[in-house]
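The structure under discussion appears below in the form of structure tokens.
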2 protein chains.
Amino acid sequence: MPKVVDAESRRRAVAEAVFRVVRAHGLDQASLRNVAEEAGLAIGSVRHYFTDHDELLVFALEELTERVERRVLARVELIHAAGTPRGRRDGVADLLGELVPLDPDRHDESVVWLEFSRAARTRPALAPGARRLHAGLRLIARRVLERAGVPDVAVEAERLAALLDGLAVNAVLQPDLTTPDVIRAVLSRHLDGLRVDAQPAPGSTED
Amino acid sequence: MPKVVDAESRRRAVAEAVFRVVRAHGLDQASLRNVAEEAGLAIGSVRHYFTDHDELLVFALEELTERVERRVLARVELIHAAGTPRGRRDGVADLLGELVPLDPDRHDESVVWLEFSRAARTRPALAPGARRLHAGLRLIARRVLERAGVPDVAVEAERLAALLDGLAVNAVLQPDLTTPDVIRAVLSRHLDGLRVDAQPAPGSTED
DNA sequence: ATTAAGCTAGCACGAGTGTGCTAGAAAGGG
DNA sequence: CCCTTTCTAGCACACTCGTGCTAGCTTAAT
């Protein structure tokens, strides 16, 4: 048999190249040729792992989603582990901080998120992935607020989700004005207004 | 002399065509050919009014900005006219509602705003216009909060601006989930949390 | 060493892009 | 009338795009 290459890791490497191109020049510049060059491969090689241009973008979007989900789930574990209300509040702040561009890595992630989400508006192939990310954020917001005993969770979850998205968008579009310090201050102010460090709601010790 | 055509109104008509194409298919589809067809003109005609593709997009962005500014300024007039605190609070709510996609027209406007702002990240020609819109929103937020006597205006203005941007983005990207009702509820909740209907700050009767 | 599969590399085609340039149509002033 | 200027229309060029297709390289099993 031939040279055996771990196909999945190769696909992930190409997805990384997609992220770099999108980051630097926008999603519409993520052509097969540009991505192949960024990945250090010939265009034919990329097409050996992805039948379609669409499939490449869909895979990259799934890759992004999984990466975010992995990070968020790790944070959820930490919150479960924390016993004191104080520890919980810090855990929540860290969890939400995970979803907002506080460091260069997450900044890049937000850039790619915005590019893909925007593209999904006019590219049907990307719509399911974008929807999943959107719904995931709302789910997290809802869970966090329920646990904290915040009233009117439906509206508050939308408000929190909109704030997080807004901060991410601002950091992406005007990074010199929306610095990590500003983001942290705004987020902290919002949590104070919600009294997230209050006692947990009754019957919320499990799950 | 020849057939005299009002050049400025013709440029504005072409800009409208840009908006329609961007709305329907995204900014990267706003090629000279597509825009010309949408405007019912030949590509050569469009190029008679715009030397460049960039100039066309920059003009369209300026047109969008002027439209928003006109609407906002009209609202500011109304707030100045209102005497009672109650009237002022309603005026503020209406002003902020002007910046968020509550009806189809403003929805389309938000779509175009997001497309241009995003494009400005990798297209230098659009950067000044996008920056102007961004700064304008913050200026309005700051002014409104100062008038309402909200403490810590710097952070609160960023929070309000991020919320407005986030609502707009969500309405653009997932319009079936982020309905006008949701937007109104979130905005109202946020204003309640700020106590915008409190007494105006001392020395804020002028300007 | 031979074989066959996975992999790499790239040519070719039709479609779409911005732009330089040109030729004709349209219409008010002489 | 004709002329001049604005406007309209579009050809042509070089470029990029996704994709169908093919030829050669690499390597593990026989």
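Each chain of the structure tokens is named A, B, ... in the order shown, its residues numbered from 1; ligands are numbered from 1 in display order.
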### Task
With a distance threshold of 6 Å and counting only C-alpha atoms, extract the residues of chain A near chain B and express them as an NGL selection string.
:A and (25 or 122 or 155 or 159 or 162-163 or 165-167 or 186)
For the residues selected in the previous step, produce a file with C-alpha atoms as a PDB file, in the first residue's frame.
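And here is the file that came out, result-v6.pdb:
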```pdb
ATOM      1  CA  HIS A  25      -7.506  38.813   4.074  1.00  0.00           C
ATOM      2  CA  THR A 122     -25.659  34.299   1.735  1.00  0.00           C
ATOM      3  CA  VAL A 155     -34.763  38.250  28.036  1.00  0.00           C
ATOM      4  CA  ARG A 159     -29.218  40.551  26.429  1.00  0.00           C
ATOM      5  CA  ALA A 162     -26.077  40.234  22.384  1.00  0.00           C
ATOM      6  CA  LEU A 163     -23.557  41.950  24.633  1.00  0.00           C
ATOM      7  CA  ASP A 165     -21.512  39.235  20.372  1.00  0.00           C
ATOM      8  CA  GLY A 166     -21.343  43.006  20.335  1.00  0.00           C
ATOM      9  CA  LEU A 167     -18.077  43.051  22.254  1.00  0.00           C
ATOM     10  CA  VAL A 186     -17.883  46.098  30.377  1.00  0.00           C
TER      11      VAL A 186
END
```
Enumerate, in order of chain and increasing residue number, the residues of chain C with an atom no farther than 10 Å from chain A, each with its shortest atom pair and distance in Å to one decimal, counting only C-alpha atoms (C1' of nucleotides), as CSV.
```
residue,atom,partner,partner_atom,distance
C:DT3,C1',A:Met1,CA,9.1
C:DA4,C1',A:Met1,CA,6.7
C:DA5,C1',A:Met1,CA,5.2
C:DG6,C1',A:Pro2,CA,5.1
C:DC7,C1',A:Lys3,CA,7.3
C:DT8,C1',A:Ser45,CA,5.8
C:DA9,C1',A:Gly44,CA,6.3
C:DG10,C1',A:Gly44,CA,7.3
```
Would you write out, as a Markdown table, a table of all residues in chain D that have an atom no more than 12 Å from an atom of chain A, listing for each the closest atom pair and the distance in Å to one decimal, considering only C-alpha atoms (C1' of nucleotides) and ordering rows by chain and rising residue number?
```
| residue | atom | partner | partner_atom | distance |
| --- | --- | --- | --- | --- |
| D:DT16 | C1' | A:Ser31 | CA | 9.4 |
| D:DC17 | C1' | A:Ser31 | CA | 7.6 |
| D:DG18 | C1' | A:His53 | CA | 7.4 |
| D:DT19 | C1' | A:Asp52 | CA | 8.6 |
| D:DG20 | C1' | A:Thr51 | CA | 11.6 |
| D:DC21 | C1' | A:Gly44 | CA | 11.2 |
| D:DT22 | C1' | A:Gly44 | CA | 11.6 |
| D:DC25 | C1' | A:Lys3 | CA | 10.5 |
| D:DT26 | C1' | A:Lys3 | CA | 6.1 |
| D:DT27 | C1' | A:Pro2 | CA | 4.5 |
| D:DA28 | C1' | A:Met1 | CA | 4.5 |
| D:DA29 | C1' | A:Met1 | CA | 5.9 |
| D:DT30 | C1' | A:Met1 | CA | 10.0 |
```
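Of note, atom CA of Glu55 of chain B and atom CA of Arg138 of chain B are spaced 26.5 Å apart.
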### Query
What does the distance between atom C1' of DG10 of chain D and atom C1' of DC21 of chain C come to in Å, to one decimal place?
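Straight-line distance from atom C1' of DG10 of chain D to atom C1' of DC21 of chain C works out to 10.5 Å.
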### Message
Considering only alpha helix (DSSP H) as DSSP defines it on the backbone, what residues of segment 42-111 of chain A qualify? List them as a PyMOL selection string.
### Response
chain A and resi 43-49+53-81+85-97+104-111
#### Entry: Residue contacts of Val68 of chain B (10 Å, only C-alpha atoms (C1' of nucleotides)) excluding same-chain residues fewer than 2 positions away, as a PyMOL selection string
chain B and resi 62-66+70-73+98-99+106+109+133
### Task
Compile the contact shell of DA23 of chain C as a list in words: residues with an atom at most 12 Å away, counting only C-alpha atoms (C1' of nucleotides), same-chain residues fewer than 6 positions apart removed.
DT8, DA9, DG10 and DC11 of chain D
